[in-house]
Every structure is written in structure tokens, then in C-alpha cells.
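**Q** Have a look at this one.
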Amino acid sequence: MPAARNPRRSSTFRLITIAASGMGSFVLGLWVLRLGLGNNVGDMSGDAISAVIAALCALAASIAAMSFFAGVDESADFVFNETHFDKLTGLLARPAMVGKIAEAASSTARTGKPMFLIDIDIDRFKQINDAIGYSNGDALIRAFTARLKAALPRDMVIGRIGAGEFAILYPDQMLRCSLDTLIGRLIHDLMRPYQLPSHQQSVNVSIGVVAMPKDGYDPVVLLRRSNLALQNARASGIGDWAVFQPEMGRVADHRRWIESELHGAFERGDFDLHYQPQLDLTSGRVVGYEALIRWRHPERGMIPPVEFISVAEETGMIAPIGEWVLRKACTDARLLPEDCFVAVNISPVQFMTRDFVGIVERIIKDTGIEPKRLELELTESAMMQDRDRAASILKQLTAMGISVAVDDFGTGYSNLAYLIDFSFHKLKIDRSFVSRMETDSNSGAVVSTIVGLSRALGVRTIAEGVETETQATLLRAAGCQEVQGYFYGRPAPLSLGDPALTQGTEGIAHLH
Ligand code: C2E
Ligand code: CA
Ligand code: CA
């Protein structure tokens, strides 16, 4: 971080100060000589003149020195304030927080009383900031800070250590409940929507925790570990948290490797799409196919999307990759039966890019796909980032004749009021409910509720991850209209039109 520069001490300011003190001392000297000796200066001895000049010089020098030291003190205060506190929030800035962590670590080593370092990050803050503009972004950070402070005891040490990242030092002896409860409450408070000047904004947070002295003493290592735990939590879902485990280092190495490989893989053409059928539950007919991306690395083989999509989102590679997926799926639709649509997954980051609707429009025009044969699968979190903007994008997509499905439904937000504002055509019941239906009656109740809700909203329902006949029967009983899952067909490469592959078991031609 560059040293802060005091704007009140510019070079022009210094020059003027020096010139003024020099002139002032000179005039003062002459004035004193004339006042004390009248016009008899010439009568004075050389020694007396030297003594007067020396005394004046000493006076000027001491004043100059005093002003210099006062200036240095003031500058030091200024630099301290500039680097110690974060300007936007008034919280400790990262270097100061590192210092506090070092102090806390050495005190836990001395006293043996444990201390937690809690690392909180707003997911995709950079993209949110770009999308809503910097002044809204600043307002969001200030509101977030106020909530964070309100949720913690008064004298807690809190720092802002990144654009959307905060750290807290929480002494174990101050915990009035379990760490579990504390963090659950923090996540709940911090993920409530924020009212910004221009709109309401929702955010997701991920939290990583390290314990001192167990997880180390070096503040840099501790921060790296809390961040590793945080990355791990982020990979496992919305609003999750994790305590640092040593094996998380290996996961981070793998993510770094993926990050370094992604661009080359895209250029090389390592990516392909597989298609999984979606069926009408009553007639058993295939009505559509979901496009699922596949990465075949020349040395390491298949890398599943859960391992690279989030990295692509963080690095911005999701923009070209997502556009490629959409274009390829729309082109491939020509090879699918005419009465089938193609469903494409859209990442929240892609959905929020400035010209998303323009890109979709262009691809439809270039590929000649009928818009009604295109379905976009969007998660709740994509729609919740900036509700007004999401609602307007959905309206434009619907006006173009494209259909929209809400993916992984039931895993995101408990507040369903937003559904009324959005134009969409289908709720996709998350696999987690389907897989528990046979053993857990609550999951069955959730599925029935979602079906009821979709009826009230006038949209369709599809269940994903159907693996057994019993699940299919239960879904039919619940009134679900469409299904997708290994029971009906696994994702497979598109092999229609390629006679060699059509014979194979991998191709999708055998599915209908
Ligand atoms: P998703 O959108 O929920 O996709 C369904 C995932 O469940 C797919 O995993 C699919 O292979 C798997 N699946 C389907 N039926 C069953 C089943 O019966 N049982 C089980 N256990 N799994 C089943 P996949 O292909 O590994 O994709 C994982 C996730 O990666 C997707 O979840 C989606 O969020 C993301 N993804 C995949 N392709 C793309 C893409 O082109 N763009 C974006 N943005 N995300 C993608
Ligand atoms: Ca999907
Ligand atoms: Ca899913």
C-alpha cells in the first residue's frame, strides 16, 4: 500500500513557507539593528554585528526547527489516520487489522485463552459493485458495516480487509452462545436485503473461521487460513460458513490450478456440451434437453463443472464460456427433435453483465433458433442480486418469447414474495428434496407445497435428480409435471446426425 501523502504539505506550500521565513528573518534582522543602534550600525564592532546576526539566525533556526517538528507530528498523525482506518467505514484498515491479529495471537500464546478470527466476505462483491455503480456500492458497504457492528458486542475488533471482506477478532470467553449460533445469526442478519438509494439489494455472504492459537500465530498465515475456510464455505453453497481444516490447502491449490488452466482450455476448445432429457411425467415424452458443460482436460481428463464454474465466475472467464455455451446450445438445437426445447444454465454473474439481453438477442438471430425453443435456467440468487434490474431483464426475455426456469428452487431464499415481481415459466425443484422424498416426509411436503405454489402462480414444475421409480411415483402423486434425472437418462454427448455415435450407448439418440 503506498504511503499516504499529506495534501496540506505540497511542494508549493513548502517553497512559499521557506521563502517567507527567509525574507521575514532578513527584515526582522534589519529592523532590530536599526531599532537598537539607530544609524550607528557603522560604528559597531565586527564582533557585535556577528553576535546580533548569529542570535537572529539561532532564533530563525529554532523557529524553523519547531515548525518542522510540528509538521512532522501532524504528518505522522495524518499518515496514521489514513492507513490505520478505512475511510469508508471507519473500521480498522487491513494493515492495522494485521497488527491486531498479531497482538491477539501473541496474547493467546501467553494466556492460553483462545480467540477466533472470523473472516466474512460478500460473494461476488466486485461484480455487484460494477453492476450497481460505485456510489451504490459504497452505500452497500456502509449499511453492511452498520449491521455487522449492531450484531456484535460493542468493543469487538473489526476490520475491513478487502473491498467486500471483513475480519473480526472474537475472544472465546465473550461467546454467550455456541460459535454455531453466533455465526448463524450473523449470516441471517447480514443477508437481509439492503435498502440503497436507488433499489433494494440482496447479498450472499460466506464466512471462514480460524482459532488461535490452534491454527497458528503468524497473522498472514491466519488470514490465509481463514480465507481458505471462507472459499470452502463459498463452494458449498449460499450463506455457508466453515472452520479451517488443514486439507483445505489442497483444495485451494486445485482451484489455483484451474484458474491458471481455464483460459488455455477455452482457447484450445476443451469444452463440450452434454444433454440430459427432460420428460413430461404424464405422457413420458421427452420435451426438452438441459445443456450441461463438460471440460475434458488433455492430461487430467474430465473436470466436473462444480469445480470450475465458480472459478470462472470469480475470474470473469464465465462471460466468454457462458456465451459459448449459449451459442453452441442454440446451434445444437437444430439437431434435436423440433418439438423439444433446449435448456441452458445461466450463471448469476453472466445474468448481471450489462448487455446480457443484447447477447441473447444476437445469438438467437445468428443461430436462427425459434425463441420458444430456448429455456434459460436461472437460480434464485441471480434474480435476487438487484431485483428491479432482474425483473426488467426477465420481462425483456419473456417478451422475446424465451422461457425461464428457476433452478435449484427451494435452496435459496425463504422469502417468496419476490416471485410475484418476476416473469418466469417454471420452478425446478432442487435435487436435495427429490432424493430425500422416499425417507423424509418433510421433503415430500416441500415438494407438494412447491407444486401448489407453482399452480397458484400459473407456472409449471419440473423435478431434477430423479433416480428411482418410487421417486417418480411420489412426484406424480404430488402433481409435478416434468422430470429429469438418471432414472430417465444421464447427460450424454449430442450424437444425432452422427451415425457412428448414434449406435453407442453414450449418445442421446437412444433415449427416445
Ligand atoms: P444443475 O443445473 O443443478 O444441473 C444438474 C446437475 O445434476 C448436473 O450435474 C447433472 O449431471 C446432475 N444430475 C442430473 N440428474 C441427476 C440424478 O439423477 N442424480 C444425480 N446425483 N445428479 C444428477 P453437472 O453436469 O455436474 O452440473 C453441475 C452444476 O454445474 C449444474 O447444476 C449447474 O449449476 C452447473 N453447470 C453445468 N453446466 C453449466 C453451464 O453450461 N453454465 C453454467 N453457468 N453452469 C453450469
Ligand atoms: Ca440447471
Ligand atoms: Ca440443481
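Labels used: A, B, ... for chains in the order of the C-alpha cells, numbers from 1 for residues in each chain, and numbers from 1 for ligands as shown.
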So which residues of segment 242-461 of chain A fall under strand (DSSP E) by DSSP, listed as a PyMOL selection string?
**A** chain A and resi 242-243+271-280+286-297+301-303+341-345+374-379+403-409+426-429+460-461
**Q** Could you please extract the residues within 10 Å of ligand 2, counting only C-alpha atoms and all ligand atoms, and hand them back as a list in words?
**A**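 What falls inside 10 Å of ligand 2 is Glu290, Ala291, Leu292, Ala343, Val344, Asn345, Ile346, Ser347, Leu376, Glu377, Leu378, Thr379, Ala405, Val406, Asp407, Asp408, Lys428, Asp430 and Glu464 of chain A.
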**Q** If you count only C-alpha atoms, which residues fall within 10 Å of segment 128-135 of chain A, apart from same-chain ones fewer than 5 positions away, as a VMD selection string?
**A** chain A and resid 122 to 123 140 to 141 163 to 164 196 to 199 201 to 203 349 352 to 354 385 to 386 389
**Q** Those residues with N, CA, C and O atoms, as a CSV table (one decimal), in the first residue's frame please?
**A**
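Wrote out.csv, looks like this:
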chain,number,residue,atom,x,y,z
A,122,ILE,N,-18.5,-10.7,1.2
A,122,ILE,CA,-19.7,-10.6,0.4
A,122,ILE,C,-19.4,-11.3,-0.9
A,122,ILE,O,-18.5,-10.9,-1.6
A,123,ASP,N,-20.2,-12.3,-1.3
A,123,ASP,CA,-19.9,-13.1,-2.5
A,123,ASP,C,-20.1,-12.1,-3.7
A,123,ASP,O,-21.0,-11.4,-3.8
A,140,LEU,N,-23.8,0.4,0.1
A,140,LEU,CA,-24.0,-1.0,0.5
A,140,LEU,C,-23.0,-1.4,1.6
A,140,LEU,O,-23.3,-2.0,2.6
A,141,ILE,N,-21.7,-1.0,1.3
A,141,ILE,CA,-20.7,-1.3,2.3
A,141,ILE,C,-20.9,-0.6,3.7
A,141,ILE,O,-20.8,-1.2,4.7
A,163,ALA,N,-12.3,-5.3,-0.4
A,163,ALA,CA,-13.4,-4.5,-0.9
A,163,ALA,C,-14.7,-4.9,-0.2
A,163,ALA,O,-15.4,-4.0,0.3
A,164,GLY,N,-15.0,-6.2,-0.2
A,164,GLY,CA,-16.2,-6.6,0.4
A,164,GLY,C,-15.9,-7.6,1.5
A,164,GLY,O,-16.7,-8.5,1.8
A,196,LEU,N,-30.9,0.6,-0.7
A,196,LEU,CA,-29.9,1.5,-1.2
A,196,LEU,C,-30.7,2.7,-1.8
A,196,LEU,O,-31.9,2.6,-2.0
A,197,PRO,N,-30.0,3.8,-2.1
A,197,PRO,CA,-30.7,5.0,-2.6
A,197,PRO,C,-31.6,4.6,-3.8
A,197,PRO,O,-32.7,5.1,-4.0
A,198,SER,N,-31.0,3.7,-4.7
A,198,SER,CA,-31.8,3.5,-6.0
A,198,SER,C,-32.6,2.2,-6.0
A,198,SER,O,-33.5,2.1,-6.8
A,199,HIS,N,-32.3,1.3,-5.1
A,199,HIS,CA,-33.0,0.0,-5.1
A,199,HIS,C,-32.7,-0.8,-3.9
A,199,HIS,O,-31.9,-0.5,-3.1
A,201,GLN,N,-31.1,-4.2,-2.4
A,201,GLN,CA,-30.0,-5.1,-2.9
A,201,GLN,C,-29.9,-6.2,-1.9
A,201,GLN,O,-29.8,-6.0,-0.7
A,202,SER,N,-29.8,-7.5,-2.4
A,202,SER,CA,-29.6,-8.6,-1.6
A,202,SER,C,-28.1,-9.1,-1.8
A,202,SER,O,-27.6,-8.9,-2.9
A,203,VAL,N,-27.5,-9.6,-0.8
A,203,VAL,CA,-26.2,-10.2,-1.0
A,203,VAL,C,-26.1,-11.5,-0.3
A,203,VAL,O,-26.9,-11.8,0.6
A,349,VAL,N,-23.5,-14.3,-12.5
A,349,VAL,CA,-22.6,-13.2,-13.0
A,349,VAL,C,-22.9,-12.9,-14.4
A,349,VAL,O,-22.9,-11.7,-14.8
A,352,MET,N,-26.0,-10.8,-14.8
A,352,MET,CA,-25.9,-9.4,-14.4
A,352,MET,C,-25.0,-8.6,-15.3
A,352,MET,O,-24.8,-7.4,-15.1
A,353,THR,N,-24.4,-9.2,-16.3
A,353,THR,CA,-23.5,-8.4,-17.2
A,353,THR,C,-24.4,-7.4,-17.9
A,353,THR,O,-25.5,-7.7,-18.2
A,354,ARG,N,-23.8,-6.3,-18.2
A,354,ARG,CA,-24.5,-5.1,-18.8
A,354,ARG,C,-25.4,-5.5,-20.0
A,354,ARG,O,-26.5,-5.1,-20.1
A,385,GLN,N,-30.0,-10.5,-6.8
A,385,GLN,CA,-28.9,-9.5,-6.6
A,385,GLN,C,-29.4,-8.1,-6.7
A,385,GLN,O,-29.1,-7.2,-5.9
A,386,ASP,N,-30.1,-7.8,-7.8
A,386,ASP,CA,-30.7,-6.5,-7.9
A,386,ASP,C,-32.1,-6.7,-8.5
A,386,ASP,O,-32.3,-6.9,-9.7
A,389,ARG,N,-33.6,-4.7,-11.5
A,389,ARG,CA,-32.9,-4.9,-12.8
A,389,ARG,C,-33.3,-6.3,-13.3
A,389,ARG,O,-33.6,-6.6,-14.5
**Q** Neighbours of ligand 1 within 8 Å, counting only C-alpha atoms and all ligand atoms, as a PyMOL selection string?
**A** chain A and resi 273-274+276+291-294+304-306+309+318+321-322+325-326+344-348+350+377+407-408+430-431+464-467+484-487+489-491
**Q** Any chance you can output those residues with C-alpha atoms as a PDB file, in the first residue's frame?
**A**
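Contents of part10.pdb, freshly written:
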ATOM      1  CA  LEU A 273     -21.890 -29.798 -24.048  1.00  0.00           C
ATOM      2  CA  HIS A 274     -23.732 -32.886 -22.888  1.00  0.00           C
ATOM      3  CA  GLN A 276     -29.872 -34.598 -20.392  1.00  0.00           C
ATOM      4  CA  ALA A 291     -27.243 -28.498 -21.812  1.00  0.00           C
ATOM      5  CA  LEU A 292     -24.507 -29.264 -19.263  1.00  0.00           C
ATOM      6  CA  ILE A 293     -20.944 -28.158 -19.861  1.00  0.00           C
ATOM      7  CA  ARG A 294     -18.099 -30.676 -19.871  1.00  0.00           C
ATOM      8  CA  PRO A 304     -16.747 -31.513 -13.366  1.00  0.00           C
ATOM      9  CA  PRO A 305     -18.487 -28.102 -13.648  1.00  0.00           C
ATOM     10  CA  VAL A 306     -18.819 -27.726  -9.859  1.00  0.00           C
ATOM     11  CA  ILE A 309     -17.806 -22.733 -12.798  1.00  0.00           C
ATOM     12  CA  ILE A 318     -17.670 -17.077 -17.238  1.00  0.00           C
ATOM     13  CA  ILE A 321     -17.590 -19.500 -21.568  1.00  0.00           C
ATOM     14  CA  GLY A 322     -21.259 -18.716 -20.874  1.00  0.00           C
ATOM     15  CA  VAL A 325     -22.457 -22.422 -24.130  1.00  0.00           C
ATOM     16  CA  LEU A 326     -25.495 -20.415 -25.177  1.00  0.00           C
ATOM     17  CA  VAL A 344     -29.236 -23.524 -20.795  1.00  0.00           C
ATOM     18  CA  ASN A 345     -27.787 -22.729 -17.355  1.00  0.00           C
ATOM     19  CA  ILE A 346     -27.025 -19.051 -16.864  1.00  0.00           C
ATOM     20  CA  SER A 347     -24.607 -18.040 -14.107  1.00  0.00           C
ATOM     21  CA  PRO A 348     -25.684 -15.119 -11.860  1.00  0.00           C
ATOM     22  CA  GLN A 350     -23.489 -13.713 -16.646  1.00  0.00           C
ATOM     23  CA  GLU A 377     -32.226 -21.816 -16.140  1.00  0.00           C
ATOM     24  CA  ASP A 407     -33.203 -23.576 -10.989  1.00  0.00           C
ATOM     25  CA  ASP A 408     -32.404 -25.300  -7.659  1.00  0.00           C
ATOM     26  CA  ASP A 430     -33.959 -28.997  -6.269  1.00  0.00           C
ATOM     27  CA  ARG A 431     -32.467 -32.474  -6.264  1.00  0.00           C
ATOM     28  CA  GLU A 464     -34.467 -32.727 -11.053  1.00  0.00           C
ATOM     29  CA  GLY A 465     -32.319 -35.640  -9.903  1.00  0.00           C
ATOM     30  CA  VAL A 466     -34.995 -38.342 -10.183  1.00  0.00           C
ATOM     31  CA  GLU A 467     -33.140 -41.616  -9.695  1.00  0.00           C
ATOM     32  CA  GLN A 484     -35.259 -35.109 -15.202  1.00  0.00           C
ATOM     33  CA  GLY A 485     -32.726 -37.498 -13.697  1.00  0.00           C
ATOM     34  CA  TYR A 486     -30.589 -40.593 -14.072  1.00  0.00           C
ATOM     35  CA  PHE A 487     -33.753 -42.742 -13.927  1.00  0.00           C
ATOM     36  CA  GLY A 489     -31.371 -40.616 -18.886  1.00  0.00           C
ATOM     37  CA  ARG A 490     -27.909 -39.381 -17.982  1.00  0.00           C
ATOM     38  CA  PRO A 491     -26.322 -36.344 -19.605  1.00  0.00           C
TER      39      PRO A 491
END
**Q** Taking only C-alpha atoms into account, which of A:Ile187, A:Ile429, A:Ala390, A:Ile462 comes nearest Val446 of chain A?
**A**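 Among the listed residues, the smallest separation from Val446 of chain A belongs to A:Ile429.
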**Q** Using Å and a single decimal, report how far atom CA of Glu380 of chain A sits from atom CA of Tyr289 of chain A.
**A**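 Separation between atom CA of Tyr289 of chain A and atom CA of Glu380 of chain A: 20.9 Å.
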**Q** List as a PyMOL selection string the protein and nucleic acid residues near segment 251-267 of chain A, meaning an atom at most 7 Å away when only C-alpha atoms are counted, but skip any in the same chain fewer than 3 places from it.
**A** chain A and resi 228+248+270-271+308+311
**Q** Looking at only C-alpha atoms, which of A:Thr108, A:Lys426, A:Ile158, A:Thr461 is the one that sits closest to Gly90 of chain A?
**A**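 Answer, going by the shortest atom-to-atom distance: A:Ile158.
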**Q** Write down as a PyMOL selection string the residues of segment 278-483 of chain A whose backbone DSSP state falls under alpha helix (DSSP H).
**A** chain A and resi 305-315+318-332+348-351+356-367+380-384+387-399+431-436+441-457+469-478
**Q** Generate a file of the selected residues that holds C-alpha atoms, formatted as a PDB file, in the first residue's frame.
**A**
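The new file selection07.pdb reads:
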ATOM      1  CA  PRO A 305     -18.487 -28.102 -13.648  1.00  0.00           C
ATOM      2  CA  VAL A 306     -18.819 -27.726  -9.859  1.00  0.00           C
ATOM      3  CA  GLU A 307     -15.014 -27.486  -9.769  1.00  0.00           C
ATOM      4  CA  PHE A 308     -14.603 -24.796 -12.419  1.00  0.00           C
ATOM      5  CA  ILE A 309     -17.806 -22.733 -12.798  1.00  0.00           C
ATOM      6  CA  SER A 310     -17.227 -20.811  -9.558  1.00  0.00           C
ATOM      7  CA  VAL A 311     -13.583 -20.157 -10.549  1.00  0.00           C
ATOM      8  CA  ALA A 312     -14.767 -18.927 -13.962  1.00  0.00           C
ATOM      9  CA  GLU A 313     -17.226 -16.627 -12.171  1.00  0.00           C
ATOM     10  CA  GLU A 314     -14.511 -15.181  -9.961  1.00  0.00           C
ATOM     11  CA  THR A 315     -12.040 -14.609 -12.783  1.00  0.00           C
ATOM     12  CA  ILE A 318     -17.670 -17.077 -17.238  1.00  0.00           C
ATOM     13  CA  ALA A 319     -18.514 -14.329 -19.757  1.00  0.00           C
ATOM     14  CA  PRO A 320     -16.848 -15.957 -22.806  1.00  0.00           C
ATOM     15  CA  ILE A 321     -17.590 -19.500 -21.568  1.00  0.00           C
ATOM     16  CA  GLY A 322     -21.259 -18.716 -20.874  1.00  0.00           C
ATOM     17  CA  GLU A 323     -21.678 -17.042 -24.244  1.00  0.00           C
ATOM     18  CA  TRP A 324     -20.069 -20.023 -25.958  1.00  0.00           C
ATOM     19  CA  VAL A 325     -22.457 -22.422 -24.130  1.00  0.00           C
ATOM     20  CA  LEU A 326     -25.495 -20.415 -25.177  1.00  0.00           C
ATOM     21  CA  ARG A 327     -24.381 -20.166 -28.807  1.00  0.00           C
ATOM     22  CA  LYS A 328     -23.487 -23.869 -29.023  1.00  0.00           C
ATOM     23  CA  ALA A 329     -26.749 -24.999 -27.394  1.00  0.00           C
ATOM     24  CA  CYS A 330     -28.796 -22.823 -29.761  1.00  0.00           C
ATOM     25  CA  THR A 331     -26.847 -24.201 -32.723  1.00  0.00           C
ATOM     26  CA  ASP A 332     -27.237 -27.805 -31.475  1.00  0.00           C
ATOM     27  CA  PRO A 348     -25.684 -15.119 -11.860  1.00  0.00           C
ATOM     28  CA  VAL A 349     -22.553 -13.249 -12.989  1.00  0.00           C
ATOM     29  CA  GLN A 350     -23.489 -13.713 -16.646  1.00  0.00           C
ATOM     30  CA  PHE A 351     -27.085 -12.674 -15.954  1.00  0.00           C
ATOM     31  CA  PHE A 356     -26.952  -9.820 -21.269  1.00  0.00           C
ATOM     32  CA  VAL A 357     -30.216  -9.321 -23.164  1.00  0.00           C
ATOM     33  CA  GLY A 358     -28.291  -7.997 -26.197  1.00  0.00           C
ATOM     34  CA  ILE A 359     -26.060 -11.093 -26.229  1.00  0.00           C
ATOM     35  CA  VAL A 360     -29.082 -13.433 -26.072  1.00  0.00           C
ATOM     36  CA  GLU A 361     -30.795 -11.482 -28.849  1.00  0.00           C
ATOM     37  CA  ARG A 362     -27.728 -11.668 -31.084  1.00  0.00           C
ATOM     38  CA  ILE A 363     -27.285 -15.407 -30.535  1.00  0.00           C
ATOM     39  CA  ILE A 364     -30.936 -16.093 -31.362  1.00  0.00           C
ATOM     40  CA  LYS A 365     -30.587 -14.084 -34.568  1.00  0.00           C
ATOM     41  CA  ASP A 366     -27.257 -15.680 -35.587  1.00  0.00           C
ATOM     42  CA  THR A 367     -28.346 -19.268 -34.932  1.00  0.00           C
ATOM     43  CA  GLU A 380     -32.850 -17.546  -7.198  1.00  0.00           C
ATOM     44  CA  SER A 381     -29.590 -15.843  -6.207  1.00  0.00           C
ATOM     45  CA  ALA A 382     -29.203 -14.486  -9.772  1.00  0.00           C
ATOM     46  CA  MET A 383     -32.619 -12.859  -9.537  1.00  0.00           C
ATOM     47  CA  MET A 384     -32.136 -11.501  -6.040  1.00  0.00           C
ATOM     48  CA  ARG A 387     -34.407  -7.214  -8.034  1.00  0.00           C
ATOM     49  CA  ASP A 388     -35.537  -4.284 -10.165  1.00  0.00           C
ATOM     50  CA  ARG A 389     -32.935  -4.932 -12.817  1.00  0.00           C
ATOM     51  CA  ALA A 390     -33.602  -8.688 -12.720  1.00  0.00           C
ATOM     52  CA  ALA A 391     -37.343  -8.082 -13.106  1.00  0.00           C
ATOM     53  CA  SER A 392     -36.740  -5.854 -16.130  1.00  0.00           C
ATOM     54  CA  ILE A 393     -34.343  -8.366 -17.768  1.00  0.00           C
ATOM     55  CA  LEU A 394     -36.850 -11.187 -17.210  1.00  0.00           C
ATOM     56  CA  LYS A 395     -39.592  -9.097 -18.757  1.00  0.00           C
ATOM     57  CA  GLN A 396     -37.453  -8.448 -21.852  1.00  0.00           C
ATOM     58  CA  LEU A 397     -36.571 -12.143 -22.189  1.00  0.00           C
ATOM     59  CA  THR A 398     -40.222 -13.130 -21.852  1.00  0.00           C
ATOM     60  CA  ALA A 399     -41.203 -10.519 -24.442  1.00  0.00           C
ATOM     61  CA  ARG A 431     -32.467 -32.474  -6.264  1.00  0.00           C
ATOM     62  CA  SER A 432     -31.970 -32.384  -2.485  1.00  0.00           C
ATOM     63  CA  PHE A 433     -35.766 -32.579  -1.922  1.00  0.00           C
ATOM     64  CA  VAL A 434     -36.275 -35.287  -4.528  1.00  0.00           C
ATOM     65  CA  SER A 435     -33.503 -37.502  -3.127  1.00  0.00           C
ATOM     66  CA  ARG A 436     -34.988 -37.363   0.406  1.00  0.00           C
ATOM     67  CA  SER A 441     -41.939 -36.940   4.769  1.00  0.00           C
ATOM     68  CA  ASN A 442     -40.947 -33.272   5.201  1.00  0.00           C
ATOM     69  CA  SER A 443     -39.289 -33.320   1.782  1.00  0.00           C
ATOM     70  CA  GLY A 444     -42.494 -34.733   0.292  1.00  0.00           C
ATOM     71  CA  ALA A 445     -44.408 -31.895   1.943  1.00  0.00           C
ATOM     72  CA  VAL A 446     -41.966 -29.339   0.494  1.00  0.00           C
ATOM     73  CA  VAL A 447     -42.428 -30.805  -2.987  1.00  0.00           C
ATOM     74  CA  SER A 448     -46.250 -30.677  -2.667  1.00  0.00           C
ATOM     75  CA  THR A 449     -46.026 -27.084  -1.433  1.00  0.00           C
ATOM     76  CA  ILE A 450     -43.847 -26.055  -4.387  1.00  0.00           C
ATOM     77  CA  VAL A 451     -46.277 -27.726  -6.807  1.00  0.00           C
ATOM     78  CA  GLY A 452     -49.178 -25.870  -5.124  1.00  0.00           C
ATOM     79  CA  LEU A 453     -47.269 -22.603  -5.283  1.00  0.00           C
ATOM     80  CA  SER A 454     -46.480 -23.037  -8.970  1.00  0.00           C
ATOM     81  CA  ARG A 455     -50.166 -23.732  -9.703  1.00  0.00           C
ATOM     82  CA  ALA A 456     -51.124 -20.532  -7.888  1.00  0.00           C
ATOM     83  CA  LEU A 457     -48.553 -18.634  -9.938  1.00  0.00           C
ATOM     84  CA  GLU A 469     -39.247 -45.317  -9.830  1.00  0.00           C
ATOM     85  CA  THR A 470     -40.587 -44.632  -6.321  1.00  0.00           C
ATOM     86  CA  GLN A 471     -39.467 -41.003  -6.555  1.00  0.00           C
ATOM     87  CA  ALA A 472     -41.220 -40.733  -9.923  1.00  0.00           C
ATOM     88  CA  THR A 473     -44.423 -42.170  -8.412  1.00  0.00           C
ATOM     89  CA  LEU A 474     -44.295 -39.779  -5.452  1.00  0.00           C
ATOM     90  CA  LEU A 475     -43.700 -36.838  -7.791  1.00  0.00           C
ATOM     91  CA  ARG A 476     -46.616 -37.837  -9.972  1.00  0.00           C
ATOM     92  CA  ALA A 477     -48.815 -38.075  -6.863  1.00  0.00           C
ATOM     93  CA  ALA A 478     -47.661 -34.597  -5.808  1.00  0.00           C
TER      94      ALA A 478
END
**Q** Which residue out of A:Thr411, A:Gln231, A:Gln481, A:Ser107 has the minimum interatomic distance to ligand 3 when only C-alpha atoms and all ligand atoms are used?
**A**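 Of all the options, A:Thr411 lies closest to ligand 3.
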**Q** I'd like the neighbourhood of Tyr170 of chain A as a PyMOL selection string, where a residue qualifies if any of its atoms comes within 9 Å (using only C-alpha atoms), though same-chain residues fewer than 3 positions away should be ignored.
**A** chain A and resi 115-118+156-157+173-175
**Q** May I ask which of the residues A:Met191, A:Ile101, A:Val483, A:Val205 is the closest one to Val286 of chain A, counting only C-alpha atoms?
**A** A:Val483
**Q** Between A:Ile53, A:Ala146, A:Leu59, A:Leu179, which is the closest to Thr89 of chain A once you count only C-alpha atoms?
**A**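 Under the stated criterion, the closest residue is A:Ala146.
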**Q** Considering only C-alpha atoms and all ligand atoms, can you say which of A:Phe85, A:Phe125, A:Tyr194, A:Phe409 comes closest to ligand 3?
**A** A:Phe409
**Q** For the atom pair atom CA of Asp280 of chain A and atom CA of Ser403 of chain A, what is the interatomic distance in Å to one decimal place?
**A**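 We find that atom CA of Asp280 of chain A and atom CA of Ser403 of chain A lie 16.4 Å from each other.
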